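Student: Below you'll find the structure I mean.
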Amino acid sequence: MGVFSFSALKEDMAALDKLLFGSIVLLGVLGVVCIFSAGAGYAGRGWTYAARQLSWLSIACAAYVAIVSVGYEKIMDLAYPIYGVTLLLLLLTLLVAPAVKGAQRVIPLGFISFQPSEFAKISLIIVLTKFLSRYPPLTLKPFLGGIGVGLPALFLVLIQPDAGSGMVYVVIIMSMLFVAGPPLKYFFSMMIAGMALLPFAWFSLKEYQKMRLLVFLDPTRDPLGAGYNAIQSRIAVGSGSLWGKGFLQGMQSKLRFLPEPHTDFIFSVYAEEFGFWGSFLLLAAFGLVFTRVITAGMKSRDIRGKILVAGVAGWIWFQMFEAIGMSIGLMPITGIPLPFLSYGGSSLLSVSIALGLVGSVYASANSAKRYKQGRI
Amino acid sequence: MLEMRDIVDERLKVFLYGVFISLGVLLCGLYFFQVIQADKYVKLAYSNRLRLIRHSPPRGEIYDRNGVPLAVNETTFSIMGYPLDLDKPGMLPHLSELLSNHGIPMSVEDLERTIKRQRWAPYRVIRLVPNLTMAQMAELVADPEFPSQLFPLPVWRRIYPAGALAANVTGYVGEISENELKESPPGEYVGGDFVGKGGIERYYEGLLRGATGEEAIEVNARGRKVGVIDMRPSEKGQNIRLTLDMGAQKLASTLLQGYSGSIVVMDVRTGAVLVSVSSPAYDNNPLAWGVSAREWREITGDSNKPMLDRTIAGVYPPASTFKVLVALAALEENVVTPSTSYSCPGALRLPSRTFHCWRRTGHGSQNLVAALQNSCDYYFYHVGMRLGIERLLRWVKKFGVGVPTGIDLPGEAAGNAAGPEWKRTRFNESWYQGDTINYSIGQGYLLTTPLQIALMYAALANGGYLVTPHLMPPDVVKEPVDLKVNQEKLRLIKRGLDYVVSRGTGARAGHFGFRVAGKTGTAQNSHGLDHALFAGYAPADAPQYVAVAMVEGGEFGGRVASPMVGQILAHILSRPPEGRED
């Protein structure tokens, strides 16, 4: 876009995927509501948390619009430098970040803290899009090359150690590889190889991570530790029943039955207060997001756009599935935030930037003018 | 490329289907919990009928090498309750009154403080009243006024049958402090837990502690338990058998009666510690019960420092016991030969200063063996000057001075192998010849713990191997470090040590029926009377045990400390300990 102009912005707004943008705003607002409720019970500081999240939400919306107007094509040109900087930042996290609960994840930057592993998801998607569109993984070499491109980022978060983000990275890489069209036998061989490596992965896990997985398989193993959180979360969700207890009426989060209700267990707070229909609405909103994201890819005439949306969809899908699944005991407990709802600026902002890229794919596909201008 | 796009679009479609299937799975799960099973969870949530109980496991017991108990457990009872019930208005005043009716004075403020300290979540159990006997507990619970939501829980309390005899080794347990709680890995401990605070109790906390049992129970509306939801039984901690010999420990403690000081006895080959006495001692039993702030200040503020384990954390100049190392270094560095002699006139007169020999009248002509036997300072002044501080320091460090020995106890002091570099950084002064001269008789900046001296003598006795001392036999014995000492030269030193006892300054060590070899020491003390030292091993011809006695203000090593070493070594050798490791 180069020079900013009002008419161009207007044009961009016209090209905005309003359904996608609308569902993002809806989910974000639901998040602020839940954070207020969770914060009120957890620390008696509902307003502090909610106000902060609300300002993050407006920054996130602005970031979305900004990315759409810059256009993903321009960003794509810088894919490798961006990825390089990201890897450096991840390395820096290991060196300077203070350890929180035994893991280094956050770089403190004065008044805000900055979590490079969140933003690394975006640059991982960008660099894989660039690589896979340039070297389609139709033969073994580019297929393995694609994996190789993602490995450094994966390695750097795993040694933080942040197994949760590591899993998200794996899902992003797998989603993009799958959509980029390799023969399915490559894909399945990779999955079998991955399973063969599982025993080794087990030994590299920290004690508490092993415990969480074991507890997931057998909740009686640690009824009052990790397993107890699972029970309490399930009670919160289950007692919400059909219509929920109503806003601010959830007892599980108010009485500190739930650990970290404003981050890891935000869905339990939501489901307790808004019930099954509330959960249904939330899943529907997520369903709409996924539909719009994939549709943007399918409409795009640019192979890059198609591969890009797969990464973004895989990312959001996995975090959503894990966060909701763990609150009812379908998935093991990890610290993965629920996109849009969990408290935290890094997570909200990075997801919005990624969706901004998707919005830009959509805009390019729909704007005849852009097409004529040869922006594609 | 059109074909490529078709494949990709196809894959995108498959991907979206997959996502929707997963959304369906989540929706089914939510339907199951929020609609089908909702009643069950609503009941659990609204009635707050879930409770957590933490069962502390019995701690592993500690024994000496012959099975004499040093730390065991006895059952007491605690009255437990949940914040959920205790928060109800009127509960605490009622409870406080009930307790004082039964002779347990606890004010409402006391109760509030206890609750606050342990509170984590409203459903997690809290210990309100600890340390009740079975009779007290039964009387209290039988009272019709006793709130139905509270209940007694049997708990293990630590007692130390040996008490002050081995408190410096055993250590003690106490309620976990806020700082310790913060520093422990998340989930390991909760407020109110007991942890090892010193000695073996602290060092082997991980082994002794066992696994905490936990129980999630359901209670009825009156707060009584109606069923168990989940349960993990506690597992007892591991018992520990130390290398300590309580018979010898008791004798050593008697020998030190009335003195401040320490006696340590170690196996020269394995590093197993048989005796470690530090005097004055403290009784660890009251500490495990929990002492008041005033009592605690009395113990820690005592100027005799009963809680300082002098064996591992008291640092003293090694004095003449150090001469063996100077002698060995001089032989090894070929500075002297066995026949090199100096004629001692009673003092070394340098232009700047005069250094006296302890015997002002002089020793006459002294070779190495004679100089050790008579502890002739003059001889070692000369040897030290010729050796120079750098070469001497190399040998000092080789023998483990200046670094912790690695014994399995917390709080070990490193001592100080202070050399020119240390003096420069500490005082910003250069190293003078006088410093080296002081060094060569074990005075000056040099500081060691009694255990480090024992290690040094063990290495001489066992043919030049630096062992790692231990109180619990390790699973994998750490290989002693071979110091690569010339055996011929070592024999010469040992002959000197033999003569110290058979015809020299340490004769009193040999009065107990066994041939002891060793060295006396008198450490200058700027704060009062000199410290008396004796380090020795026995039997002199085939050494098995090394012993060091350190008596603060004991003046002459030969008079006070050497008979202690002689007696304790004779005691151990005359009753070979059972269950010896080797």
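All residue names refer to the structure tokens as shown: chains lettered A, B, ... in order, residues numbered from 1 in each chain, ligands numbered from 1 in order.
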With chain A as the partner and 9 Å as the cut-off, tabulate the residues of chain B that qualify, each row holding the nearest pair of atoms and their distance in Å to one decimal, using only C-alpha atoms, sorted by chain and rising number, as a Markdown table.
Tutor:
```
| residue | atom | partner | partner_atom | distance |
| --- | --- | --- | --- | --- |
| B:Met4 | CA | A:Gly181 | CA | 7.6 |
| B:Arg5 | CA | A:Ile303 | CA | 6.6 |
| B:Ile7 | CA | A:Gly181 | CA | 6.0 |
| B:Val8 | CA | A:Val179 | CA | 5.5 |
| B:Asp9 | CA | A:Met298 | CA | 5.7 |
| B:Glu10 | CA | A:Val179 | CA | 8.3 |
| B:Arg11 | CA | A:Val179 | CA | 5.1 |
| B:Leu12 | CA | A:Val179 | CA | 5.9 |
| B:Lys13 | CA | A:Ile294 | CA | 7.7 |
| B:Val14 | CA | A:Val179 | CA | 9.0 |
| B:Phe15 | CA | A:Val179 | CA | 7.8 |
| B:Leu16 | CA | A:Ile294 | CA | 6.9 |
| B:Val19 | CA | A:Trp317 | CA | 7.1 |
| B:Phe20 | CA | A:Gly287 | CA | 7.1 |
| B:Ser22 | CA | A:Phe321 | CA | 7.5 |
| B:Leu23 | CA | A:Leu283 | CA | 6.8 |
| B:Leu26 | CA | A:Gly325 | CA | 6.7 |
| B:Leu27 | CA | A:Phe280 | CA | 7.0 |
| B:Gly29 | CA | A:Ile328 | CA | 7.3 |
| B:Leu30 | CA | A:Phe276 | CA | 6.8 |
| B:Tyr31 | CA | A:Phe276 | CA | 6.7 |
| B:Phe32 | CA | A:Gly238 | CA | 8.4 |
| B:Phe33 | CA | A:Gly238 | CA | 4.8 |
| B:Gln34 | CA | A:Ser241 | CA | 4.2 |
| B:Val35 | CA | A:Ser241 | CA | 5.4 |
| B:Ile36 | CA | A:Ser241 | CA | 8.6 |
| B:Gln37 | CA | A:Gly238 | CA | 7.0 |
| B:Ala38 | CA | A:Gly238 | CA | 5.1 |
| B:Asp39 | CA | A:Ser239 | CA | 7.2 |
| B:Lys40 | CA | A:Ser239 | CA | 7.9 |
| B:Tyr41 | CA | A:Ser239 | CA | 4.8 |
| B:Val42 | CA | A:Ser239 | CA | 4.0 |
| B:Lys43 | CA | A:Ser239 | CA | 7.7 |
| B:Leu44 | CA | A:Ile235 | CA | 7.0 |
| B:Ala45 | CA | A:Ile235 | CA | 6.3 |
| B:Tyr46 | CA | A:Met251 | CA | 7.9 |
| B:Leu52 | CA | A:Leu224 | CA | 7.2 |
| B:Ile53 | CA | A:Leu224 | CA | 8.9 |
| B:Arg54 | CA | A:Leu224 | CA | 8.8 |
| B:Trp120 | CA | A:Arg256 | CA | 8.6 |
| B:Ala121 | CA | A:Arg256 | CA | 6.0 |
| B:Pro122 | CA | A:Leu255 | CA | 7.1 |
| B:Tyr123 | CA | A:Phe257 | CA | 7.9 |
| B:Pro185 | CA | A:Lys101 | CA | 7.9 |
| B:Pro186 | CA | A:Lys101 | CA | 7.3 |
| B:Gly187 | CA | A:Gly225 | CA | 7.2 |
| B:Glu214 | CA | A:Leu224 | CA | 6.5 |
| B:Glu215 | CA | A:Pro223 | CA | 7.3 |
| B:Ala216 | CA | A:Pro223 | CA | 6.9 |
| B:Ile229 | CA | A:Pro223 | CA | 8.7 |
| B:Asp230 | CA | A:Pro223 | CA | 5.8 |
| B:Met231 | CA | A:Pro223 | CA | 6.7 |
| B:Arg232 | CA | A:Arg221 | CA | 7.0 |
```
Student: For the residues selected in the previous step, produce a file with C-alpha atoms as a tab-separated table (two decimals), in the first residue's frame.
Tutor:
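See out15.tsv below for the written result:
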```tsv
chain	number	residue	atom	x	y	z
B	4	MET	CA	-2.46	-28.30	-8.38
B	5	ARG	CA	-5.09	-25.82	-7.22
B	7	ILE	CA	-5.83	-30.83	-5.27
B	8	VAL	CA	-5.31	-28.06	-2.75
B	9	ASP	CA	-8.99	-27.03	-2.80
B	10	GLU	CA	-9.94	-30.66	-2.30
B	11	ARG	CA	-7.64	-30.89	0.69
B	12	LEU	CA	-9.04	-27.65	2.14
B	13	LYS	CA	-12.51	-29.10	1.90
B	14	VAL	CA	-11.44	-32.30	3.66
B	15	PHE	CA	-9.79	-30.16	6.29
B	16	LEU	CA	-12.98	-28.20	6.93
B	19	VAL	CA	-12.84	-29.47	11.77
B	20	PHE	CA	-16.62	-29.79	11.80
B	22	SER	CA	-14.27	-32.32	15.83
B	23	LEU	CA	-16.74	-29.55	16.69
B	26	LEU	CA	-16.98	-31.41	21.46
B	27	LEU	CA	-20.68	-30.65	21.23
B	29	GLY	CA	-19.20	-34.14	25.04
B	30	LEU	CA	-20.72	-30.91	26.27
B	31	TYR	CA	-24.21	-32.33	25.75
B	32	PHE	CA	-23.25	-35.37	27.81
B	33	PHE	CA	-21.95	-33.33	30.74
B	34	GLN	CA	-24.21	-30.30	30.60
B	35	VAL	CA	-27.49	-32.00	29.76
B	36	ILE	CA	-27.46	-35.75	30.38
B	37	GLN	CA	-25.31	-35.75	33.52
B	38	ALA	CA	-26.09	-32.19	34.55
B	39	ASP	CA	-28.04	-33.19	37.68
B	40	LYS	CA	-25.10	-35.01	39.18
B	41	TYR	CA	-22.76	-32.08	38.67
B	42	VAL	CA	-25.28	-29.48	39.76
B	43	LYS	CA	-25.63	-31.38	43.02
B	44	LEU	CA	-21.89	-31.59	43.50
B	45	ALA	CA	-21.43	-27.91	42.75
B	46	TYR	CA	-24.31	-26.39	44.68
B	52	LEU	CA	-9.91	-32.78	49.99
B	53	ILE	CA	-7.87	-34.47	52.68
B	54	ARG	CA	-4.12	-34.71	52.54
B	120	TRP	CA	-5.39	-22.58	49.81
B	121	ALA	CA	-8.91	-23.39	48.69
B	122	PRO	CA	-12.13	-23.64	50.69
B	123	TYR	CA	-12.49	-27.38	50.22
B	185	PRO	CA	8.33	-27.01	42.91
B	186	PRO	CA	4.60	-26.28	42.49
B	187	GLY	CA	2.35	-28.90	44.01
B	214	GLU	CA	-4.73	-37.70	49.04
B	215	GLU	CA	-8.39	-38.33	49.32
B	216	ALA	CA	-11.35	-36.63	47.70
B	229	ILE	CA	-14.66	-40.19	45.38
B	230	ASP	CA	-10.98	-40.68	44.76
B	231	MET	CA	-8.14	-41.89	46.88
B	232	ARG	CA	-4.43	-42.28	46.72
```
Student: DSSP on the backbone: which residues in range 219-402 of chain B end up as strand (DSSP E or B)? Give the answer as an NGL selection string.
Tutor: :B and (219 or 225-232 or 235 or 240-241 or 260-267 or 272-279 or 316 or 342-344 or 347-349 or 354-356 or 364-366)
Student: Write out as a CSV table (one decimal) with C-alpha atoms, in the first residue's frame all residues of range 324-482 of chain B that DSSP puts in alpha helix (DSSP H) for this structure's backbone.
Tutor:
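Final output, selection_27.csv:
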```csv
chain,number,residue,atom,x,y,z
B,324,VAL,CA,52.3,-33.3,57.7
B,325,LEU,CA,51.1,-31.7,54.5
B,326,VAL,CA,54.1,-29.3,54.5
B,327,ALA,CA,56.4,-32.2,55.0
B,328,LEU,CA,54.9,-34.3,52.3
B,329,ALA,CA,54.8,-31.4,49.8
B,330,ALA,CA,58.5,-30.7,50.6
B,331,LEU,CA,59.5,-34.3,50.0
B,332,GLU,CA,57.4,-34.6,46.9
B,368,LEU,CA,62.0,-34.5,58.9
B,369,VAL,CA,61.0,-37.3,61.2
B,370,ALA,CA,62.3,-35.7,64.3
B,371,ALA,CA,60.7,-32.4,63.4
B,372,LEU,CA,57.3,-34.1,63.1
B,373,GLN,CA,57.9,-36.0,66.3
B,374,ASN,CA,58.8,-32.8,68.2
B,377,ASP,CA,58.3,-25.0,64.2
B,378,TYR,CA,61.8,-23.9,63.2
B,379,TYR,CA,62.3,-26.8,60.8
B,380,PHE,CA,59.0,-26.1,59.1
B,381,TYR,CA,59.7,-22.3,58.8
B,382,HIS,CA,62.7,-23.2,56.7
B,383,VAL,CA,61.0,-25.9,54.7
B,384,GLY,CA,58.0,-23.6,54.0
B,385,MET,CA,60.3,-20.8,52.8
B,386,ARG,CA,62.2,-23.1,50.5
B,387,LEU,CA,59.0,-24.6,49.2
B,389,ILE,CA,53.6,-20.6,48.8
B,390,GLU,CA,52.6,-21.6,45.3
B,391,ARG,CA,53.9,-25.2,45.5
B,392,LEU,CA,52.5,-25.5,49.0
B,393,LEU,CA,49.1,-24.3,48.0
B,394,ARG,CA,49.0,-26.8,45.2
B,395,TRP,CA,49.3,-29.6,47.7
B,396,VAL,CA,46.9,-28.0,50.1
B,397,LYS,CA,44.2,-27.9,47.5
B,398,LYS,CA,45.0,-31.5,46.4
B,420,PRO,CA,48.4,-14.6,47.6
B,421,GLU,CA,45.4,-14.1,45.2
B,422,TRP,CA,42.9,-14.3,48.1
B,423,LYS,CA,44.9,-11.8,50.1
B,424,ARG,CA,45.1,-9.4,47.2
B,425,THR,CA,41.3,-9.4,46.6
B,426,ARG,CA,40.4,-9.5,50.3
B,427,PHE,CA,42.9,-7.0,51.8
B,433,GLN,CA,57.4,-14.2,53.3
B,434,GLY,CA,56.0,-14.0,56.9
B,435,ASP,CA,52.7,-15.2,55.5
B,436,THR,CA,54.3,-18.2,54.0
B,437,ILE,CA,56.2,-18.9,57.3
B,438,ASN,CA,52.9,-18.7,59.3
B,439,TYR,CA,51.3,-21.0,56.7
B,450,PRO,CA,37.7,-30.8,61.7
B,451,LEU,CA,36.2,-33.0,58.9
B,452,GLN,CA,38.7,-31.6,56.4
B,453,ILE,CA,41.6,-32.5,58.8
B,454,ALA,CA,40.1,-36.0,59.1
B,455,LEU,CA,40.1,-36.3,55.3
B,456,MET,CA,43.7,-35.2,55.1
B,457,TYR,CA,44.8,-37.7,57.7
B,458,ALA,CA,42.7,-40.5,56.1
B,459,ALA,CA,44.5,-39.8,52.8
B,460,LEU,CA,47.9,-40.2,54.6
B,461,ALA,CA,46.7,-43.4,56.4
```
Student: So the first atom is CA of Val108 in chain B and the second is CA of Met134 in chain B; what is the distance between them in Å, to one decimal place?
Tutor: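 Distance between the two atoms: 24.1 Å.
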Student: Would you work out the distance separating CA of Leu20 in chain A from CA of Leu355 in chain A, expressed in Å to one decimal?
Tutor: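 Interatomic distance, CA of Leu20 in chain A to CA of Leu355 in chain A: 8.6 Å.
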Student: When you look at Ile126 in chain A with a cut-off of 12 Å (counting only C-alpha atoms), what residues show up, excluding the ones that are within fewer than 4 positions of it in the same chain? I need them as a PyMOL selection string.
Tutor: chain A and resi 72-84+86+119-122+130-133+149-150+172-173+176+304-312+353-354+357-358
Student: Any chance you could export the current selection's N, CA and C atoms as a compact mmCIF listing (two decimals), in the first residue's frame?
Tutor:
```txt
# COMPACT_ATOMS: atom_id res chain seq x y z
N TYR A 72 -1.31 -9.50 2.34
CA TYR A 72 -0.39 -10.58 2.70
C TYR A 72 0.74 -10.72 1.70
N GLU A 73 0.51 -10.25 0.45
CA GLU A 73 1.54 -10.43 -0.57
C GLU A 73 2.83 -9.73 -0.18
N LYS A 74 2.68 -8.51 0.35
CA LYS A 74 3.87 -7.74 0.74
C LYS A 74 4.61 -8.44 1.87
N ILE A 75 3.82 -8.94 2.82
CA ILE A 75 4.43 -9.60 3.98
C ILE A 75 5.15 -10.86 3.54
N MET A 76 4.52 -11.53 2.55
CA MET A 76 5.10 -12.78 2.07
C MET A 76 6.51 -12.58 1.53
N ASP A 77 6.75 -11.38 0.92
CA ASP A 77 8.09 -11.11 0.37
C ASP A 77 9.15 -11.12 1.46
N LEU A 78 8.72 -10.80 2.67
CA LEU A 78 9.69 -10.70 3.77
C LEU A 78 9.74 -11.97 4.63
N ALA A 79 9.13 -13.06 4.08
CA ALA A 79 8.96 -14.26 4.90
C ALA A 79 10.24 -14.71 5.60
N TYR A 80 11.34 -14.82 4.86
CA TYR A 80 12.55 -15.39 5.46
C TYR A 80 13.16 -14.47 6.51
N PRO A 81 13.29 -13.15 6.19
CA PRO A 81 13.81 -12.27 7.27
C PRO A 81 12.94 -12.30 8.54
N ILE A 82 11.62 -12.30 8.35
CA ILE A 82 10.73 -12.33 9.53
C ILE A 82 10.99 -13.59 10.35
N TYR A 83 11.11 -14.70 9.64
CA TYR A 83 11.33 -15.98 10.33
C TYR A 83 12.66 -15.96 11.09
N GLY A 84 13.67 -15.39 10.42
CA GLY A 84 14.99 -15.30 11.06
C GLY A 84 14.93 -14.51 12.35
N THR A 86 12.34 -13.98 14.19
CA THR A 86 11.56 -14.75 15.16
C THR A 86 12.42 -15.78 15.89
N PHE A 119 3.90 -15.14 18.70
CA PHE A 119 4.09 -14.49 17.40
C PHE A 119 4.88 -15.37 16.43
N ALA A 120 5.64 -16.29 17.01
CA ALA A 120 6.39 -17.21 16.15
C ALA A 120 5.45 -18.08 15.34
N LYS A 121 4.22 -18.30 15.85
CA LYS A 121 3.26 -19.09 15.09
C LYS A 121 2.96 -18.41 13.76
N ILE A 122 2.83 -17.07 13.78
CA ILE A 122 2.55 -16.33 12.55
C ILE A 122 3.70 -16.48 11.56
N LYS A 130 5.45 -19.57 2.05
CA LYS A 130 6.41 -19.19 1.02
C LYS A 130 7.12 -20.43 0.47
N PHE A 131 7.59 -21.26 1.39
CA PHE A 131 8.38 -22.41 0.99
C PHE A 131 7.53 -23.42 0.21
N LEU A 132 6.35 -23.74 0.74
CA LEU A 132 5.53 -24.79 0.14
C LEU A 132 4.92 -24.36 -1.19
N SER A 133 4.70 -23.03 -1.37
CA SER A 133 4.17 -22.60 -2.67
C SER A 133 5.29 -22.55 -3.71
N VAL A 149 12.02 -26.75 7.49
CA VAL A 149 11.89 -25.30 7.71
C VAL A 149 11.25 -25.03 9.06
N GLY A 150 10.28 -25.87 9.44
CA GLY A 150 9.56 -25.62 10.69
C GLY A 150 10.31 -26.08 11.94
N ILE A 172 0.27 -26.87 13.18
CA ILE A 172 0.37 -25.90 12.09
C ILE A 172 1.15 -26.50 10.91
N ILE A 173 2.29 -27.09 11.21
CA ILE A 173 3.13 -27.66 10.14
C ILE A 173 2.37 -28.77 9.42
N MET A 176 -0.55 -27.42 7.16
CA MET A 176 -0.11 -26.77 5.93
C MET A 176 0.45 -27.79 4.95
N ARG A 304 -0.62 -19.48 -2.63
CA ARG A 304 -0.09 -19.10 -1.32
C ARG A 304 -1.22 -18.87 -0.32
N GLY A 305 -2.28 -18.20 -0.82
CA GLY A 305 -3.41 -17.93 0.07
C GLY A 305 -4.04 -19.20 0.59
N LYS A 306 -4.11 -20.21 -0.27
CA LYS A 306 -4.74 -21.47 0.13
C LYS A 306 -3.93 -22.17 1.23
N ILE A 307 -2.61 -22.16 1.04
CA ILE A 307 -1.77 -22.84 2.04
C ILE A 307 -1.77 -22.07 3.35
N LEU A 308 -1.76 -20.74 3.21
CA LEU A 308 -1.74 -19.89 4.40
C LEU A 308 -2.95 -20.14 5.30
N VAL A 309 -4.14 -20.17 4.70
CA VAL A 309 -5.34 -20.30 5.54
C VAL A 309 -5.35 -21.62 6.31
N ALA A 310 -4.73 -22.66 5.69
CA ALA A 310 -4.71 -23.95 6.37
C ALA A 310 -3.93 -23.85 7.68
N GLY A 311 -2.81 -23.12 7.64
CA GLY A 311 -2.01 -22.96 8.85
C GLY A 311 -2.77 -22.24 9.94
N VAL A 312 -3.45 -21.15 9.54
CA VAL A 312 -4.20 -20.36 10.52
C VAL A 312 -5.35 -21.18 11.10
N ILE A 353 -3.68 -11.00 14.14
CA ILE A 353 -2.78 -10.74 13.01
C ILE A 353 -2.89 -11.86 11.99
N ALA A 354 -2.92 -13.11 12.49
CA ALA A 354 -3.03 -14.25 11.59
C ALA A 354 -4.34 -14.18 10.81
N LEU A 357 -4.19 -11.74 8.05
CA LEU A 357 -3.60 -12.32 6.83
C LEU A 357 -4.66 -13.03 6.02
N VAL A 358 -5.51 -13.80 6.73
CA VAL A 358 -6.60 -14.51 6.05
C VAL A 358 -7.55 -13.50 5.41
```
Student: Can you pull out every residue within 9 Å of range 187-198 of chain A, counting only C-alpha atoms, but drop anything in the same chain fewer than 3 positions away, and send it as an NGL selection string?
Tutor: :A and (174 or 177-178 or 182-184 or 201-203)
Student: With C-alpha atoms kept, could you save the residues just selected as an mmCIF file, in the first residue's frame?
Tutor:
```cif
data_model
loop_
_atom_site.group_PDB
_atom_site.id
_atom_site.type_symbol
_atom_site.label_atom_id
_atom_site.label_comp_id
_atom_site.auth_asym_id
_atom_site.auth_seq_id
_atom_site.Cartn_x
_atom_site.Cartn_y
_atom_site.Cartn_z
ATOM 1 C CA MET A 174 0.965 -30.750 9.591
ATOM 2 C CA LEU A 177 1.727 -29.820 4.606
ATOM 3 C CA PHE A 178 -1.556 -31.689 4.262
ATOM 4 C CA PRO A 182 1.583 -34.113 -1.051
ATOM 5 C CA PRO A 183 0.796 -37.729 -1.839
ATOM 6 C CA LEU A 184 -1.074 -39.066 1.162
ATOM 7 C CA ALA A 201 9.379 -37.764 23.481
ATOM 8 C CA TRP A 202 8.080 -39.275 26.724
ATOM 9 C CA PHE A 203 11.523 -39.344 28.272
#
```
